[in-house]
There are 2 protein chains.
Amino acid sequence: MALVPPHGGGALKPLLLTGAALEAEKKAAAGYKKLEITTREACDCFMMGIGAFTPLSGFMGQADWKGVCAEMKMANGVFWPIPITCSAGDEDGVNVGDKLALYCDEFGGLIATMDVTEKYEIDKVFEAKNVFRTDDKEHPGVQKVYEQKKFNIAGPVKVVSEGGFPDEYKGIYATPAETRAIFEKAGWTRIAAFQTRNPLHRSHEFLCKIAVEVMDGVIIHQILGKLKAGDIPADVRVNAINALVDNYFVKNTIVTKGYPMEMRYGGPREALLHAVFRQNYGCSHLIVGRDHAGVGDYYGPFDAQKIFLEIPAGSLVIKNLNIDWTFHCYKCGGMASLRTCPHGKEDRLLLSGTMVRKTLSEGGDLPAEFSRPEVVKILQAYYQSLEEKVEIKLHGAATGDVK
Amino acid sequence: MALVPPHGGGALKPLLLTGAALEAEKKAAAGYKKLEITTREACDCFMMGIGAFTPLSGFMGQADWKGVCAEMKMANGVFWPIPITCSAGDEDGVNVGDKLALYCDEFGGLIATMDVTEKYEIDKVFEAKNVFRTDDKEHPGVQKVYEQKKFNIAGPVKVVSEGGFPDEYKGIYATPAETRAIFEKAGWTRIAAFQTRNPLHRSHEFLCKIAVEVMDGVIIHQILGKLKAGDIPADVRVNAINALVDNYFVKNTIVTKGYPMEMRYGGPREALLHAVFRQNYGCSHLIVGRDHAGVGDYYGPFDAQKIFLEIPAGSLVIKNLNIDWTFHCYKCGGMASLRTCPHGKEDRLLLSGTMVRKTLSEGGDLPAEFSRPEVVKILQAYYQSLEEKVEIKLHGAATGDVK
């Protein structure tokens, strides 16, 4: 038995330069036209850099963009569910044939270089409706589509940076080659990825543990790129997840790693993108729970499970591991899901996100059936620090001491 | 997607006659030589009758017997892990060419007819050592091998009885064709079988629920044939399992059925036999837990999982779904297994079988973390009825009133 192959049928394709080639390209970039890109675009460069977006060789041209939006297929026939693109406006003066140096200040400057081979106007409504199933500007993923400039510029990319992720998330950040090496060393071939942008409460722990029972191992795989306002920041989440894993999982059944992408909140389509790059990371399965990668009420709770049945056979080697909505049931006397608990709502512990945040902000405890005390402690500290900031801000605003 | 095919590559092969052929064979049998067979042999006739032992067409000849013992392979190359044989002694006067009427009083008389095509002496030590990994006569499976008569007699079988199982276990007894129809109607293709000869405590419930989470459905599949002394009788067990399923499982995720075989207590080899006929029953997976089909200390706790890795690829279409030792852990706050609980023995609820029997016999309660109260009630009633019988017997013995 071997690990699943990378997506697209070939080897991993990391676009990050190293050694002399890296230094040479950095030097050459000084002479290229400079373009400031968004954090989403920079993160997509990092994903291409480490081979997580294998087999892409750069930002998508029009045929790929259109095929991906309309039927999740690139011009070469390879399955891909969400466009990976980079935009520019008239004011940027980018033309086909240019060599560009892509900059992003938030990630410390030069990220990558690109040979511009195409420039095409973005039909943003078409992209939004196809990818996000809505053109509602309140949708945070759609919002980012609309915030793009007028054109997509496309062409092969050479990545020269990892954006500080390896240092900032030491021990957590990992490339596909690294997780594949970890899995191979452990002798694992059946590996489920658990996608998360949140700290893990017991319902998430339970999803992972179901997978641990029936797989060789599970990777808790955290998104390290920027999230929408209100989400818990990555560093707090990493601590909370480490506290959970250290106290409630068996060693050598769990790997905790992260990847440098930004959420799209694209629900079903994003679940497929999560599957694509998890295959590159060497995972045989992606856990797909309730409302995977969703936001608000844009998607049905199990749309992200259903879409795996709708894509053409052979699109992916990785498989979805569907798990129903999970919770603690007092009559069951433990964690359960809608598939295993026959009891009523009144027997289940169900807390809204709003209630959880309120309790934690006030330093209150969550029931042990909802969240582990070690996790609660970390989240309480985070929410209380937020409260303090707000108080200081208010106070400062009144006295003029603090901006 | 379709159900797994029956074992051996062809269609289900039920050897039970029906209609006019049944009546004709019963009549003809009156003129055949009569042979009294054991309950194990009768049960194997019933299994062949309903097609559970597809593709067998009768009791095994010497080449099949030897191949199955030595390398789990019949003469035609088809995988088979435990010999299915029928013995006769010199005193029975059976000869090749005979037509036999196979009788078993415990199952109401005529069971099947056989055309005797072979008669060979049984190397019982060879069979025991190969199949049971021991020739210890204390092993209940080995004991049955030794209790056989001198020869195996082999040949095609026509089955004329179901031994009263359909009436005695109405709603539970099912043929492979029947469970396949149930699965097809439900739209299930991924079905795990849970083998049991015992009532289900929470650890077993947990095994089944893990499977429910990741499969289309689970069949709790009970053995209905004779067990060793000390095991809970099938009718009590059926009631206990129904009480559990009714109160703690979601409708349309569980099918509860039984099959008319006798346990061999053959550990790893029997796990493979359990897999073979579950494939015939339409199951894609067999749950293999700790000490599957084992007895005493004859097998390592996970030998029955390991053997699935040792058989040649392609031997079976059905797959094993391995699950580790399960229990309630107070620190985990729920059911867990050695793969998911990192805590110590002192945090876990572990009760010996002896302690469970003693508590139940005394009408005591088991902890809710060990067994569901609805199940406990049924088992208490059973054990107390045993106590009463023993008391009556003792009293009777003293006064001479009761035999």
# chains A, B, ... in the order shown; residues from 1 in each chain; ligands from 1

$ residues_around --residues "range 206-216 of chain A" --least-positions-apart "5" --cutoff "8 Å" --atoms "only C-alpha atoms" --output "PyMOL selection string"
(chain A and resi 188-192+194+253-254+287+289+323+326+335) or (chain B and resi 210+213+321-324+337+339-340)

$ write_last_selection --atoms "N, CA and C atoms" --output "tab-separated table (two decimals), in the first residue's frame"
chain	number	residue	atom	x	y	z
A	188	TRP	N	1.45	4.80	7.62
A	188	TRP	CA	0.03	5.07	7.37
A	188	TRP	C	-0.24	5.18	5.87
A	189	THR	N	-1.36	4.63	5.44
A	189	THR	CA	-1.83	4.90	4.07
A	189	THR	C	-3.26	5.43	4.08
A	190	ARG	N	-4.02	5.02	5.10
A	190	ARG	CA	-5.40	5.52	5.22
A	190	ARG	C	-5.41	6.66	6.23
A	191	ILE	N	-5.43	7.87	5.71
A	191	ILE	CA	-5.31	9.07	6.55
A	191	ILE	C	-6.48	10.00	6.25
A	192	ALA	N	-7.21	10.37	7.30
A	192	ALA	CA	-8.29	11.33	7.12
A	192	ALA	C	-7.83	12.70	7.55
A	194	PHE	N	-8.85	16.37	8.87
A	194	PHE	CA	-9.92	17.16	9.47
A	194	PHE	C	-9.59	18.62	9.26
A	253	THR	N	-1.66	8.70	16.74
A	253	THR	CA	-2.89	8.55	15.95
A	253	THR	C	-3.25	9.89	15.28
A	254	ILE	N	-2.62	10.96	15.76
A	254	ILE	CA	-2.98	12.31	15.30
A	254	ILE	C	-1.73	13.09	14.89
A	287	ILE	N	-12.57	14.42	6.03
A	287	ILE	CA	-13.78	14.39	6.85
A	287	ILE	C	-14.68	15.54	6.42
A	289	GLY	N	-18.14	17.17	7.48
A	289	GLY	CA	-19.22	17.18	8.48
A	289	GLY	C	-20.36	18.07	8.02
A	323	ILE	N	-19.62	12.63	7.93
A	323	ILE	CA	-20.13	12.37	9.28
A	323	ILE	C	-21.25	13.37	9.54
A	326	THR	N	-22.97	16.28	14.96
A	326	THR	CA	-22.60	15.62	16.23
A	326	THR	C	-22.85	16.52	17.44
A	335	MET	N	-21.12	11.25	23.33
A	335	MET	CA	-21.21	11.95	22.05
A	335	MET	C	-21.99	11.06	21.07
B	210	ILE	N	-19.89	3.19	15.75
B	210	ILE	CA	-18.78	3.68	14.92
B	210	ILE	C	-19.04	3.29	13.47
B	213	GLU	N	-21.71	5.32	11.79
B	213	GLU	CA	-21.25	6.66	11.40
B	213	GLU	C	-20.62	6.67	10.02
B	321	LEU	N	-13.44	-4.48	9.10
B	321	LEU	CA	-13.44	-3.14	9.70
B	321	LEU	C	-12.93	-3.34	11.12
B	322	ASN	N	-11.64	-3.13	11.32
B	322	ASN	CA	-11.04	-3.39	12.63
B	322	ASN	C	-11.38	-2.28	13.61
B	323	ILE	N	-11.77	-2.67	14.81
B	323	ILE	CA	-11.94	-1.68	15.88
B	323	ILE	C	-11.26	-2.22	17.13
B	324	ASP	N	-10.58	-1.31	17.82
B	324	ASP	CA	-9.78	-1.69	18.98
B	324	ASP	C	-10.68	-2.01	20.18
B	337	SER	N	-11.87	3.84	22.79
B	337	SER	CA	-11.12	2.61	22.53
B	337	SER	C	-9.65	2.89	22.84
B	339	ARG	N	-7.49	3.12	20.83
B	339	ARG	CA	-6.97	4.03	19.80
B	339	ARG	C	-7.36	5.49	20.08
B	340	THR	N	-8.36	5.71	20.92
B	340	THR	CA	-8.81	7.09	21.10
B	340	THR	C	-8.71	7.58	22.54

$ residues_around --residues "Gly77 in chain A" --least-positions-apart "5" --cutoff "10 Å" --atoms "only C-alpha atoms" --output "VMD selection string"
chain A and resid 8 64 67 to 68 72 315

$ select_by_dssp --residues "range 91-283 of chain B" --states "alpha helix (DSSP H)" --output "PyMOL selection string"
chain B and resi 124-132+140-146+165-168+176-186+202-214+234-248+267-280

$ closest_residue --among "A:Tyr173, A:Phe308, A:Phe249, A:Phe183" --to "His221 in chain A" --atoms "only C-alpha atoms"
A:Tyr173

$ residues_around --residues "Asp123 in chain B" --least-positions-apart "5" --cutoff "10 Å" --atoms "only C-alpha atoms" --output "list in words"
Lys66, Ala128, Val145, Tyr146, Lys150, Phe151 and Asn152 of chain B

$ write_last_selection --atoms "N, CA and C atoms" --output "PDB file, in the first residue's frame"
ATOM      1  N   LYS B  66      -8.303 -30.971   2.929  1.00  0.00           N
ATOM      2  CA  LYS B  66      -6.870 -30.799   3.176  1.00  0.00           C
ATOM      3  C   LYS B  66      -6.415 -29.393   2.780  1.00  0.00           C
ATOM      4  N   ALA B 128      -7.052 -29.881  13.697  1.00  0.00           N
ATOM      5  CA  ALA B 128      -7.095 -29.011  14.877  1.00  0.00           C
ATOM      6  C   ALA B 128      -5.949 -28.013  14.861  1.00  0.00           C
ATOM      7  N   VAL B 145     -13.971 -31.354  16.936  1.00  0.00           N
ATOM      8  CA  VAL B 145     -13.215 -32.072  15.899  1.00  0.00           C
ATOM      9  C   VAL B 145     -12.937 -33.490  16.379  1.00  0.00           C
ATOM     10  N   TYR B 146     -12.491 -33.614  17.643  1.00  0.00           N
ATOM     11  CA  TYR B 146     -12.155 -34.934  18.184  1.00  0.00           C
ATOM     12  C   TYR B 146     -13.386 -35.815  18.382  1.00  0.00           C
ATOM     13  N   LYS B 150     -14.768 -41.544  12.692  1.00  0.00           N
ATOM     14  CA  LYS B 150     -13.461 -41.819  12.096  1.00  0.00           C
ATOM     15  C   LYS B 150     -13.277 -41.205  10.703  1.00  0.00           C
ATOM     16  N   PHE B 151     -14.352 -41.199   9.928  1.00  0.00           N
ATOM     17  CA  PHE B 151     -14.240 -40.786   8.512  1.00  0.00           C
ATOM     18  C   PHE B 151     -15.035 -39.510   8.236  1.00  0.00           C
ATOM     19  N   ASN B 152     -14.577 -38.758   7.277  1.00  0.00           N
ATOM     20  CA  ASN B 152     -15.458 -37.778   6.655  1.00  0.00           C
ATOM     21  C   ASN B 152     -16.104 -38.431   5.446  1.00  0.00           C
TER      22      ASN B 152
END

$ atom_distance --atom1 "CA of Leu15 in chain A" --atom2 "CA of Glu121 in chain A"
25.8 Å

$ residues_around --residues "Lys124 in chain B" --least-positions-apart "4" --cutoff "12 Å" --atoms "only C-alpha atoms" --output "PyMOL selection string"
chain B and resi 65-66+69+83+87+120+128-132+134-137+141-152

$ write_last_selection --atoms "N, CA, C and O atoms" --output "CSV table (one decimal), in the first residue's frame"
chain,number,residue,atom,x,y,z
B,65,TRP,N,-10.9,-30.6,1.9
B,65,TRP,CA,-10.7,-30.6,3.4
B,65,TRP,C,-9.2,-30.3,3.7
B,65,TRP,O,-8.9,-29.4,4.5
B,66,LYS,N,-8.3,-31.0,2.9
B,66,LYS,CA,-6.9,-30.8,3.2
B,66,LYS,C,-6.4,-29.4,2.8
B,66,LYS,O,-5.7,-28.7,3.5
B,69,CYS,N,-7.7,-26.9,5.3
B,69,CYS,CA,-6.9,-26.9,6.6
B,69,CYS,C,-5.6,-26.3,6.4
B,69,CYS,O,-5.1,-25.5,7.2
B,83,PRO,N,-13.0,-26.2,7.4
B,83,PRO,CA,-13.6,-27.3,6.7
B,83,PRO,C,-15.1,-27.4,7.1
B,83,PRO,O,-15.5,-27.2,8.2
B,87,SER,N,-19.1,-36.4,9.4
B,87,SER,CA,-18.4,-37.7,9.7
B,87,SER,C,-19.3,-38.9,9.9
B,87,SER,O,-20.5,-38.8,10.2
B,120,TYR,N,-13.1,-40.6,3.7
B,120,TYR,CA,-11.7,-40.6,4.0
B,120,TYR,C,-11.5,-40.4,5.5
B,120,TYR,O,-12.3,-39.8,6.2
B,128,ALA,N,-7.1,-29.9,13.7
B,128,ALA,CA,-7.1,-29.0,14.9
B,128,ALA,C,-5.9,-28.0,14.9
B,128,ALA,O,-6.1,-26.8,15.0
B,129,LYS,N,-4.7,-28.5,14.6
B,129,LYS,CA,-3.6,-27.7,14.7
B,129,LYS,C,-3.6,-26.6,13.6
B,129,LYS,O,-3.2,-25.4,13.8
B,130,ASN,N,-4.1,-26.9,12.4
B,130,ASN,CA,-4.2,-26.0,11.3
B,130,ASN,C,-5.3,-25.0,11.5
B,130,ASN,O,-5.1,-23.8,11.4
B,131,VAL,N,-6.5,-25.5,11.9
B,131,VAL,CA,-7.6,-24.6,11.9
B,131,VAL,C,-7.7,-23.8,13.2
B,131,VAL,O,-8.0,-22.6,13.3
B,132,PHE,N,-7.4,-24.5,14.3
B,132,PHE,CA,-7.5,-23.9,15.7
B,132,PHE,C,-6.2,-23.5,16.3
B,132,PHE,O,-6.2,-22.9,17.4
B,134,THR,N,-4.2,-25.2,17.8
B,134,THR,CA,-3.9,-25.9,19.0
B,134,THR,C,-4.6,-27.3,18.9
B,134,THR,O,-5.6,-27.4,18.1
B,135,ASP,N,-4.0,-28.3,19.5
B,135,ASP,CA,-4.8,-29.6,19.6
B,135,ASP,C,-5.2,-29.8,21.0
B,135,ASP,O,-5.5,-31.0,21.4
B,136,ASP,N,-5.3,-28.8,21.8
B,136,ASP,CA,-5.8,-28.9,23.2
B,136,ASP,C,-7.3,-29.3,23.2
B,136,ASP,O,-8.1,-28.6,22.7
B,137,LYS,N,-7.5,-30.4,23.9
B,137,LYS,CA,-8.9,-30.9,23.9
B,137,LYS,C,-9.9,-30.1,24.7
B,137,LYS,O,-11.1,-30.2,24.6
B,141,GLY,N,-13.8,-25.9,20.2
B,141,GLY,CA,-13.8,-26.2,18.8
B,141,GLY,C,-13.1,-27.5,18.5
B,141,GLY,O,-13.5,-28.3,17.7
B,142,VAL,N,-11.9,-27.6,19.1
B,142,VAL,CA,-11.1,-28.8,18.9
B,142,VAL,C,-11.8,-30.0,19.4
B,142,VAL,O,-11.8,-31.1,18.8
B,143,GLN,N,-12.5,-29.8,20.6
B,143,GLN,CA,-13.3,-30.9,21.2
B,143,GLN,C,-14.2,-31.5,20.1
B,143,GLN,O,-14.4,-32.7,20.0
B,144,LYS,N,-14.9,-30.6,19.4
B,144,LYS,CA,-15.9,-31.1,18.4
B,144,LYS,C,-15.2,-31.8,17.3
B,144,LYS,O,-15.8,-32.7,16.7
B,145,VAL,N,-14.0,-31.4,16.9
B,145,VAL,CA,-13.2,-32.1,15.9
B,145,VAL,C,-12.9,-33.5,16.4
B,145,VAL,O,-13.1,-34.5,15.6
B,146,TYR,N,-12.5,-33.6,17.6
B,146,TYR,CA,-12.2,-34.9,18.2
B,146,TYR,C,-13.4,-35.8,18.4
B,146,TYR,O,-13.3,-37.0,18.3
B,147,GLU,N,-14.5,-35.2,18.7
B,147,GLU,CA,-15.7,-36.0,18.9
B,147,GLU,C,-16.3,-36.5,17.6
B,147,GLU,O,-17.2,-37.3,17.6
B,148,GLN,N,-15.8,-36.1,16.4
B,148,GLN,CA,-16.3,-36.6,15.2
B,148,GLN,C,-15.9,-38.1,15.1
B,148,GLN,O,-15.0,-38.6,15.8
B,149,LYS,N,-16.6,-38.8,14.2
B,149,LYS,CA,-16.3,-40.2,14.0
B,149,LYS,C,-15.1,-40.3,13.1
B,149,LYS,O,-14.4,-39.3,12.9
B,150,LYS,N,-14.8,-41.5,12.7
B,150,LYS,CA,-13.5,-41.8,12.1
B,150,LYS,C,-13.3,-41.2,10.7
B,150,LYS,O,-12.2,-40.8,10.3
B,151,PHE,N,-14.4,-41.2,9.9
B,151,PHE,CA,-14.2,-40.8,8.5
B,151,PHE,C,-15.0,-39.5,8.2
B,151,PHE,O,-16.1,-39.3,8.9
B,152,ASN,N,-14.6,-38.8,7.3
B,152,ASN,CA,-15.5,-37.8,6.7
B,152,ASN,C,-16.1,-38.4,5.4
B,152,ASN,O,-15.4,-39.1,4.7
